[in-house]
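What follows is a short report on a single structure.
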Amino acid sequence: MSKNFANSGLRVCLVFPPNWNCTAGSPHLGLPCISAALAGMTNTTSLDLNHGFLSWAFGYPPGIPNTRCLDLESLNEPYFAFQDLLQASIGSSGEWVASEGLRLVGSPECSSRKSLELAHSGSPFRKYIAEVGAPAILASDPDIIGIGVPSLLQLYVAIEVAVVLRQQGFTGHITLGGNTISRLYPELSSADIFDTVDSLVVFEGEEPIRGLVKAIEQSTPFELVSGLVTENKQEPFNSTTGRRKESLADMWSTPQFDGLPVGRYWGCNYIPILAARGCYYGKCSFCAIPFGWGPNGFAGQRSAKRVYQDMLSLSELYGIYRFKFVDEALPVPLMRELARLILDGNVEFEWEGYTRLEKAFGDPEFARLLGQAGFRKGYFGVEILGSRNALNKKDANDPLRIFENCSVHGIRGHCFCMFGYPGTTYADAVATVDFLIKHSAVIDTADIFPWTYAKHTNVPQVKRIVTSDQDWALEFDHEAIEPGVFSSSEIQRFVADLEDRLWSEVPRMLHPTYRMLSPWKAGLECIG
Ligand code: SF4
């Protein structure tokens with residue numbers, strides 16, 4: 001744990017709660033972005049309690065055979081042994097998937113009533129939170145505690161952290177922020193959450209947290225802070241605080257990872273990085289991702305020059321030259337400019353990122369440029385072949401050309417597949433799996449998801465099923481209201497069958513450890 005000493009004298013502790021996955025090779029990027037925004041304003045401490053909990057309870061990160069020939073197969077044993085350890089600790093109370101987190105029976109995370117009950121009565125994380133996590137937070141003597149909640153599975157745990165902090169005597173300000181809070185703030189505001197926490201930070205967190213610090217420092221009402229929700233102010237932006245402004249992504253300093261155990265995660269470690277905030281396209285009919293960035297779905301973009309500078313300074317600081325872009329979709333012009341900067345700078349970076357099937361990836365010159373600049377893997381949203389017009393993807397219609405072209409230039413390809421959306425067909429789902437199997441020489445890995453009805457989307461031909469205890473749910477079951485449309489259970493059944501088929505034909509593609517090492521050239525040497 002370390003601090004950035006400065007300024008107002010206020011102390012802020014930023015906390016990442018337990019119940020995140022165990023297979024990411026870095027801290028989550030949310031806290032480092034907020035920490036950078038507070039630089040020069042507060043003394044900021046960051047704590048990754050997910051890493052802390054896993055280390056405390058399970059000796060994370062697990063040992064991995066010391067071999068230079070490490071591959072997916074040799075990771076089988078440690079991965080599944082660790083998975084068994086997690087599951088044994090929870091028994092029949094839930095399912096604990098190392099690459100996702102703990103899902104308790106009855107999905108308490110979807111219900112305000114169940115989540116608040118659990119946060120007060122104690123979840124499986126309570127002992128750690130009470131004995132280790134909360135004391136570590138309080139040791140920094142904070143005035144403000146900010147808890148990031150990127151995943152819904154972390155929500156009751158985040159509230160539980162706040163409950164325990166109050167029990168242990170903390171009287172300062174507790175705020176929750178992150179994607180889940182941004183997507184659920186109206187529902188969170190109407191629950192009894194303000195008994196424990198003081199505010200919610202909605203959408204981009206930098207401005208609201210700075211506003212919160214200033215309000216505390218100057219004793220002005222929190223209700224004047226733009227982007228903040230409190231018990232007395234249910235809307236983050238109103239006539240008093242002003243409309244939400246797009247951030248100028250270039251104005252923020254390089255993310256600050258101080259206090260976070262960079263380089264000590266499982267698998268091949270990298271540094272997460274962000275260029276574009278949200279999705280520059282944002283119109284796929286099934287997708288709720290843009291909503292997490294605000295009403296426009298896109299909140300601006302950092303210039304390639306600043307991103308390159310971020311990469312230079314972070315690699316110098318941590319001695320890690322691998323970067324994972326966490327953008328929803330990396331914009332092609334930014335990739336092109338960044339690649340040129342990397343080549344001009346003669347730096348050996350490796351990087352990967354989420355991408356759309358843009359025509360540019362089928363252009364040999366573009367792929368060559370990216371490959372030479374160390375772009376190792378693109379994660380493409382293929383979804384389904386054939387009937388994909390129903391998804392309003394409006395992207396390149398020849399994915400094979402893209403995967404072949406990328407492969408020639410040393411760029412691995414991942415296919416995100418999603419089956420069952422109304423207007424798409426079973427035959428096309430089968431054809432998509434056939435495509436993956438047939439072209440496994442140029443497609444590295446894949447995910448196959450059953451389509452689920454996401455909050456903040458509006459899908460025709462089906463009806464969302466909402467039960468009484470789902471006020472905090474982000475995804476829902478549905479029933480078909482038109483012939484030829486699949487129900488949730490039908491989708492789950494056939495997707496499981498198709499997944500089994502792909503697993504039996506090309507297990508590499510679906511292996512749960514692929515993200516721990518697959519894109520990196522140096523992957524075999526970087527796991528200790
Ligand atoms: S699926 Fe991808 S490209 Fe489409 S809107 Fe969502 S993030 Fe953007």
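By order in the structure tokens, chains are A, B, ...; within a chain, residues start at 1; ligands start at 1, following the order shown.
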
**Report entry** Contacts of His28 (chain A) at 9 Å (only C-alpha atoms; same-chain gap of 3+ positions) as an MDAnalysis selection string
**Finding:** chainID A and resid 16 24 31:32 48 150 272

Query - Surrounding residues of Tyr280 (chain A) excluding itself and chain neighbours under 4 positions, 9 Å, only C-alpha atoms, as an MDAnalysis selection string - result: chainID A and resid 276 290 297:300 328:331

Written file, previous selection with N, CA, C and O atoms, as a PDB file, in the first residue's frame:
ATOM      1  N   ALA A 276     -10.722   4.908 -25.745  1.00  0.00           N
ATOM      2  CA  ALA A 276     -12.049   5.481 -26.009  1.00  0.00           C
ATOM      3  C   ALA A 276     -13.007   5.087 -24.883  1.00  0.00           C
ATOM      4  O   ALA A 276     -13.028   3.943 -24.455  1.00  0.00           O
ATOM      5  N   PRO A 290     -23.111   0.564 -24.063  1.00  0.00           N
ATOM      6  CA  PRO A 290     -22.973   2.021 -24.135  1.00  0.00           C
ATOM      7  C   PRO A 290     -23.658   2.738 -22.974  1.00  0.00           C
ATOM      8  O   PRO A 290     -23.212   3.801 -22.550  1.00  0.00           O
ATOM      9  N   GLY A 297     -23.816   7.185 -24.718  1.00  0.00           N
ATOM     10  CA  GLY A 297     -23.126   5.916 -24.929  1.00  0.00           C
ATOM     11  C   GLY A 297     -21.661   6.053 -25.277  1.00  0.00           C
ATOM     12  O   GLY A 297     -20.941   5.073 -25.405  1.00  0.00           O
ATOM     13  N   PHE A 298     -21.213   7.266 -25.442  1.00  0.00           N
ATOM     14  CA  PHE A 298     -19.811   7.482 -25.794  1.00  0.00           C
ATOM     15  C   PHE A 298     -19.360   8.754 -25.091  1.00  0.00           C
ATOM     16  O   PHE A 298     -20.033   9.777 -25.141  1.00  0.00           O
ATOM     17  N   ALA A 299     -18.238   8.674 -24.415  1.00  0.00           N
ATOM     18  CA  ALA A 299     -17.844   9.808 -23.572  1.00  0.00           C
ATOM     19  C   ALA A 299     -16.475  10.335 -23.955  1.00  0.00           C
ATOM     20  O   ALA A 299     -15.715  10.765 -23.112  1.00  0.00           O
ATOM     21  N   GLY A 300     -16.158  10.289 -25.214  1.00  0.00           N
ATOM     22  CA  GLY A 300     -14.904  10.909 -25.648  1.00  0.00           C
ATOM     23  C   GLY A 300     -13.750   9.935 -25.737  1.00  0.00           C
ATOM     24  O   GLY A 300     -13.842   8.793 -25.300  1.00  0.00           O
ATOM     25  N   GLU A 328     -14.466  -0.577 -25.203  1.00  0.00           N
ATOM     26  CA  GLU A 328     -15.525  -1.462 -25.726  1.00  0.00           C
ATOM     27  C   GLU A 328     -15.212  -1.828 -27.175  1.00  0.00           C
ATOM     28  O   GLU A 328     -15.475  -2.941 -27.620  1.00  0.00           O
ATOM     29  N   ALA A 329     -14.686  -0.878 -27.937  1.00  0.00           N
ATOM     30  CA  ALA A 329     -14.305  -1.126 -29.338  1.00  0.00           C
ATOM     31  C   ALA A 329     -13.221  -0.120 -29.701  1.00  0.00           C
ATOM     32  O   ALA A 329     -13.481   1.080 -29.715  1.00  0.00           O
ATOM     33  N   LEU A 330     -12.031  -0.624 -29.981  1.00  0.00           N
ATOM     34  CA  LEU A 330     -10.924   0.283 -30.322  1.00  0.00           C
ATOM     35  C   LEU A 330     -11.189   0.941 -31.684  1.00  0.00           C
ATOM     36  O   LEU A 330     -11.391   0.237 -32.684  1.00  0.00           O
ATOM     37  N   PRO A 331     -11.172   2.248 -31.763  1.00  0.00           N
ATOM     38  CA  PRO A 331     -11.398   2.904 -33.067  1.00  0.00           C
ATOM     39  C   PRO A 331     -10.209   2.690 -34.006  1.00  0.00           C
ATOM     40  O   PRO A 331      -9.048   2.828 -33.592  1.00  0.00           O
TER      41      PRO A 331
END

Requested in this report: Considering only C-alpha atoms, return as a list in words whatever protein or nucleic-acid residues lie within 8 Å of Arg376 (chain A), sequence-local ones (same chain, fewer than 4 positions apart) excluded.
Outcome: Glu350, Trp351, Glu352, Gly371, Gly410, Ile411, Arg412, Pro519, Trp520 and Lys521 of chain A

**Report entry** Residue contacts of Ser35 (chain A) (10 Å, only C-alpha atoms) excluding same-chain residues fewer than 5 positions away, as a PyMOL selection string
**Finding:** chain A and resi 4+12-14+30+40-46+206+209+253-258

Close residues, region 183-186 of chain A itself excluded, 12 Å, only C-alpha atoms, min 2 positions apart in chain, as a compact mmCIF listing (two decimals) with N, CA, C and O atoms, in the first residue's frame:
# COMPACT_ATOMS: atom_id res chain seq x y z
N GLU A 109 -27.78 -11.04 -5.76
CA GLU A 109 -27.30 -9.78 -6.35
C GLU A 109 -28.36 -9.09 -7.19
O GLU A 109 -28.26 -7.89 -7.45
N CYS A 110 -29.38 -9.86 -7.63
CA CYS A 110 -30.43 -9.27 -8.48
C CYS A 110 -31.53 -8.59 -7.66
O CYS A 110 -32.44 -7.98 -8.23
N SER A 111 -31.49 -8.73 -6.36
CA SER A 111 -32.59 -8.26 -5.52
C SER A 111 -32.08 -7.28 -4.46
O SER A 111 -31.15 -7.59 -3.72
N SER A 112 -32.72 -6.12 -4.35
CA SER A 112 -32.30 -5.17 -3.30
C SER A 112 -32.54 -5.79 -1.92
O SER A 112 -31.69 -5.68 -1.04
N VAL A 149 -17.59 -0.66 -8.26
CA VAL A 149 -18.44 -1.84 -8.44
C VAL A 149 -18.64 -2.10 -9.93
O VAL A 149 -19.70 -1.80 -10.49
N PRO A 150 -17.63 -2.68 -10.60
CA PRO A 150 -17.83 -2.94 -12.02
C PRO A 150 -18.80 -4.09 -12.31
O PRO A 150 -19.46 -4.11 -13.33
N SER A 151 -18.88 -5.07 -11.39
CA SER A 151 -19.71 -6.25 -11.68
C SER A 151 -20.87 -6.33 -10.70
O SER A 151 -20.73 -6.03 -9.51
N LEU A 152 -22.02 -6.77 -11.19
CA LEU A 152 -23.19 -6.91 -10.31
C LEU A 152 -22.90 -7.87 -9.15
O LEU A 152 -23.41 -7.70 -8.05
N LEU A 155 -21.83 -6.19 -6.00
CA LEU A 155 -22.64 -5.13 -5.40
C LEU A 155 -22.93 -5.38 -3.93
O LEU A 155 -22.69 -4.52 -3.07
N LEU A 176 -20.21 4.91 -3.68
CA LEU A 176 -20.07 3.76 -4.59
C LEU A 176 -20.07 4.27 -6.03
O LEU A 176 -20.84 5.19 -6.35
N GLY A 177 -19.24 3.70 -6.87
CA GLY A 177 -19.23 4.10 -8.29
C GLY A 177 -18.91 2.91 -9.17
O GLY A 177 -18.74 1.78 -8.68
N GLY A 178 -18.83 3.15 -10.46
CA GLY A 178 -18.51 2.07 -11.40
C GLY A 178 -19.70 1.73 -12.28
O GLY A 178 -20.81 2.24 -12.11
N ASN A 179 -19.45 0.82 -13.22
CA ASN A 179 -20.45 0.50 -14.24
C ASN A 179 -21.80 0.06 -13.64
O ASN A 179 -22.86 0.50 -14.07
N THR A 180 -21.75 -0.83 -12.64
CA THR A 180 -23.00 -1.35 -12.09
C THR A 180 -23.81 -0.24 -11.43
O THR A 180 -25.04 -0.18 -11.54
N ILE A 181 -23.11 0.66 -10.74
CA ILE A 181 -23.80 1.77 -10.08
C ILE A 181 -24.42 2.69 -11.13
O ILE A 181 -25.57 3.15 -10.99
N LEU A 188 -31.08 1.70 -7.08
CA LEU A 188 -30.30 1.75 -5.83
C LEU A 188 -30.81 2.88 -4.94
O LEU A 188 -30.92 2.72 -3.72
N SER A 189 -31.17 3.99 -5.56
CA SER A 189 -31.61 5.15 -4.77
C SER A 189 -32.91 4.87 -4.05
O SER A 189 -33.17 5.42 -3.00
N SER A 190 -33.74 4.01 -4.65
CA SER A 190 -35.03 3.79 -4.00
C SER A 190 -34.96 2.65 -2.98
O SER A 190 -35.94 2.38 -2.30
N ALA A 191 -33.82 2.00 -2.83
CA ALA A 191 -33.66 1.00 -1.77
C ALA A 191 -33.09 1.71 -0.53
O ALA A 191 -32.83 2.90 -0.56
N ILE A 193 -30.30 1.93 0.69
CA ILE A 193 -28.85 1.91 0.60
C ILE A 193 -28.22 3.11 1.33
O ILE A 193 -27.09 3.04 1.82
N PHE A 194 -28.96 4.23 1.42
CA PHE A 194 -28.38 5.42 2.02
C PHE A 194 -28.32 5.36 3.54
O PHE A 194 -27.85 6.29 4.18
N SER A 199 -23.32 8.40 -0.96
CA SER A 199 -23.56 8.88 -2.32
C SER A 199 -23.21 7.81 -3.34
O SER A 199 -22.53 6.82 -3.04
N LEU A 200 -23.69 8.04 -4.56
CA LEU A 200 -23.38 7.18 -5.70
C LEU A 200 -22.77 8.06 -6.79
O LEU A 200 -23.29 9.14 -7.08
N VAL A 201 -21.69 7.57 -7.36
CA VAL A 201 -21.06 8.28 -8.48
C VAL A 201 -21.55 7.64 -9.77
O VAL A 201 -21.45 6.43 -9.95
N VAL A 202 -22.10 8.46 -10.66
CA VAL A 202 -22.76 7.90 -11.86
C VAL A 202 -21.96 8.26 -13.12
O VAL A 202 -21.50 9.39 -13.27
N PHE A 203 -21.82 7.27 -14.00
CA PHE A 203 -21.06 7.37 -15.26
C PHE A 203 -19.58 7.66 -14.97
O PHE A 203 -19.06 7.18 -13.98
N GLU A 204 -18.93 8.46 -15.82
CA GLU A 204 -17.50 8.70 -15.59
C GLU A 204 -17.30 9.25 -14.18
O GLU A 204 -17.99 10.19 -13.77
N GLY A 227 -23.10 14.69 -11.30
CA GLY A 227 -22.75 13.28 -11.43
C GLY A 227 -22.87 12.49 -10.14
O GLY A 227 -22.58 11.30 -10.09
N LEU A 228 -23.33 13.16 -9.07
CA LEU A 228 -23.45 12.49 -7.78
C LEU A 228 -24.94 12.32 -7.44
O LEU A 228 -25.73 13.22 -7.66
N VAL A 229 -25.28 11.14 -6.92
CA VAL A 229 -26.65 10.89 -6.43
C VAL A 229 -26.57 10.74 -4.92
O VAL A 229 -25.68 10.05 -4.40
N THR A 230 -27.46 11.40 -4.21
CA THR A 230 -27.53 11.27 -2.75
C THR A 230 -28.96 10.98 -2.35
O THR A 230 -29.87 11.00 -3.21
N GLU A 231 -29.18 10.79 -1.07
CA GLU A 231 -30.53 10.51 -0.60
C GLU A 231 -31.48 11.65 -0.99
O GLU A 231 -32.65 11.45 -1.28
N LYS A 233 -30.99 13.76 -3.55
CA LYS A 233 -30.86 14.17 -4.96
C LYS A 233 -30.78 12.92 -5.80
O LYS A 233 -29.74 12.28 -5.91
N GLN A 234 -31.92 12.57 -6.37
CA GLN A 234 -32.01 11.28 -7.07
C GLN A 234 -31.48 11.34 -8.51
O GLN A 234 -31.24 10.31 -9.11
N GLU A 235 -31.33 12.53 -9.03
CA GLU A 235 -30.83 12.65 -10.41
C GLU A 235 -29.41 13.20 -10.39
O GLU A 235 -29.14 14.24 -9.77
N PRO A 236 -28.48 12.53 -11.08
CA PRO A 236 -27.09 13.00 -11.03
C PRO A 236 -26.88 14.34 -11.71
O PRO A 236 -25.99 15.10 -11.36
N ALA A 288 -26.18 -3.39 -24.21
CA ALA A 288 -26.43 -2.37 -23.19
C ALA A 288 -25.13 -1.70 -22.75
O ALA A 288 -25.15 -0.83 -21.89
N ILE A 289 -24.01 -2.12 -23.35
CA ILE A 289 -22.71 -1.59 -22.90
C ILE A 289 -22.66 -0.06 -22.96
O ILE A 289 -22.24 0.58 -22.00
N PRO A 290 -23.11 0.56 -24.06
CA PRO A 290 -22.97 2.02 -24.13
C PRO A 290 -23.66 2.74 -22.97
O PRO A 290 -23.21 3.80 -22.55
N PHE A 291 -24.73 2.16 -22.44
CA PHE A 291 -25.47 2.87 -21.40
C PHE A 291 -24.60 3.18 -20.18
O PHE A 291 -24.80 4.18 -19.49
N GLY A 292 -23.64 2.30 -19.90
CA GLY A 292 -22.78 2.50 -18.73
C GLY A 292 -21.94 3.77 -18.83
O GLY A 292 -21.36 4.23 -17.84
N TRP A 293 -21.88 4.34 -20.05
CA TRP A 293 -21.09 5.56 -20.24
C TRP A 293 -21.95 6.80 -20.30
O TRP A 293 -21.45 7.90 -20.60
N GLY A 294 -23.25 6.64 -20.12
CA GLY A 294 -24.11 7.81 -20.11
C GLY A 294 -25.07 7.81 -21.27
O GLY A 294 -25.02 6.93 -22.14
N PRO A 295 -25.95 8.80 -21.30
CA PRO A 295 -27.04 8.82 -22.28
C PRO A 295 -26.56 8.76 -23.72
O PRO A 295 -27.22 8.21 -24.59
N GLY A 297 -23.82 7.18 -24.72
CA GLY A 297 -23.13 5.92 -24.93
C GLY A 297 -21.66 6.05 -25.28
O GLY A 297 -20.94 5.07 -25.41
N ALA A 454 -31.08 -7.75 -21.94
CA ALA A 454 -30.34 -6.86 -21.04
C ALA A 454 -31.18 -5.63 -20.69
O ALA A 454 -31.92 -5.11 -21.53
N LYS A 455 -31.06 -5.22 -19.45
CA LYS A 455 -31.66 -3.95 -19.02
C LYS A 455 -31.13 -2.84 -19.94
O LYS A 455 -30.00 -2.91 -20.41
N HIS A 456 -31.94 -1.85 -20.19
CA HIS A 456 -31.58 -0.71 -21.04
C HIS A 456 -31.58 -1.06 -22.52
O HIS A 456 -31.04 -0.31 -23.33
N THR A 457 -32.10 -2.24 -22.89
CA THR A 457 -32.32 -2.50 -24.32
C THR A 457 -33.82 -2.73 -24.52
O THR A 457 -34.55 -3.02 -23.56
N GLN A 470 -36.24 -9.00 -8.51
CA GLN A 470 -35.23 -8.73 -9.56
C GLN A 470 -35.06 -7.24 -9.82
O GLN A 470 -34.73 -6.84 -10.94
N ASP A 471 -35.27 -6.42 -8.79
CA ASP A 471 -35.20 -4.98 -9.04
C ASP A 471 -33.78 -4.50 -9.33
O ASP A 471 -33.58 -3.43 -9.88
N TRP A 472 -32.75 -5.30 -8.96
CA TRP A 472 -31.38 -4.91 -9.28
C TRP A 472 -30.80 -5.76 -10.42
O TRP A 472 -29.58 -5.71 -10.66
N ALA A 473 -31.64 -6.54 -11.09
CA ALA A 473 -31.11 -7.41 -12.17
C ALA A 473 -30.69 -6.57 -13.37
O ALA A 473 -31.29 -5.55 -13.68
N LEU A 474 -29.65 -7.04 -14.05
CA LEU A 474 -29.22 -6.38 -15.29
C LEU A 474 -29.56 -7.22 -16.51
O LEU A 474 -29.48 -6.75 -17.64
N GLU A 475 -29.95 -8.49 -16.27
CA GLU A 475 -30.36 -9.36 -17.38
C GLU A 475 -31.58 -10.14 -16.95
O GLU A 475 -31.73 -10.47 -15.77

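Taking the backbone of this structure through DSSP, the residues of region 174-214 of chain A that come out as strand (DSSP E or B) are Ile174, Thr175, Leu176, Gly177, Ser199, Leu200 and Val201 of chain A.
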
Quick one: write out the picked residues with N, CA, C and O atoms as a compact mmCIF listing (two decimals), in the first residue's frame?
# COMPACT_ATOMS: atom_id res chain seq x y z
N ILE A 174 -18.88 7.62 2.47
CA ILE A 174 -18.69 6.42 1.63
C ILE A 174 -19.47 6.62 0.34
O ILE A 174 -20.67 6.94 0.37
N THR A 175 -18.79 6.45 -0.76
CA THR A 175 -19.46 6.56 -2.06
C THR A 175 -19.21 5.30 -2.88
O THR A 175 -18.16 4.66 -2.76
N LEU A 176 -20.21 4.91 -3.68
CA LEU A 176 -20.07 3.76 -4.59
C LEU A 176 -20.07 4.27 -6.03
O LEU A 176 -20.84 5.19 -6.35
N GLY A 177 -19.24 3.70 -6.87
CA GLY A 177 -19.23 4.10 -8.29
C GLY A 177 -18.91 2.91 -9.17
O GLY A 177 -18.74 1.78 -8.68
N SER A 199 -23.32 8.40 -0.96
CA SER A 199 -23.56 8.88 -2.32
C SER A 199 -23.21 7.81 -3.34
O SER A 199 -22.53 6.82 -3.04
N LEU A 200 -23.69 8.04 -4.56
CA LEU A 200 -23.38 7.18 -5.70
C LEU A 200 -22.77 8.06 -6.79
O LEU A 200 -23.29 9.14 -7.08
N VAL A 201 -21.69 7.57 -7.36
CA VAL A 201 -21.06 8.28 -8.48
C VAL A 201 -21.55 7.64 -9.77
O VAL A 201 -21.45 6.43 -9.95

Query - Close residues, region 481-485 of chain A itself excluded, 7 Å, only C-alpha atoms, min 3 positions apart in chain, as a PyMOL selection string - result: chain A and resi 422+461-463

Requested in this report: Please identify which residues in region 129-261 of chain A DSSP calls alpha helix (DSSP H) from the backbone, and express them as JSON, numbers by chain.
Outcome: {"A": [134, 135, 136, 137, 138, 139, 155, 156, 157, 158, 159, 160, 161, 162, 163, 164, 165, 166, 167, 179, 180, 181, 182, 183, 184, 185, 186, 187, 188, 189, 206, 207, 208, 209, 210, 211, 212, 213, 214, 215, 216, 217, 218]}
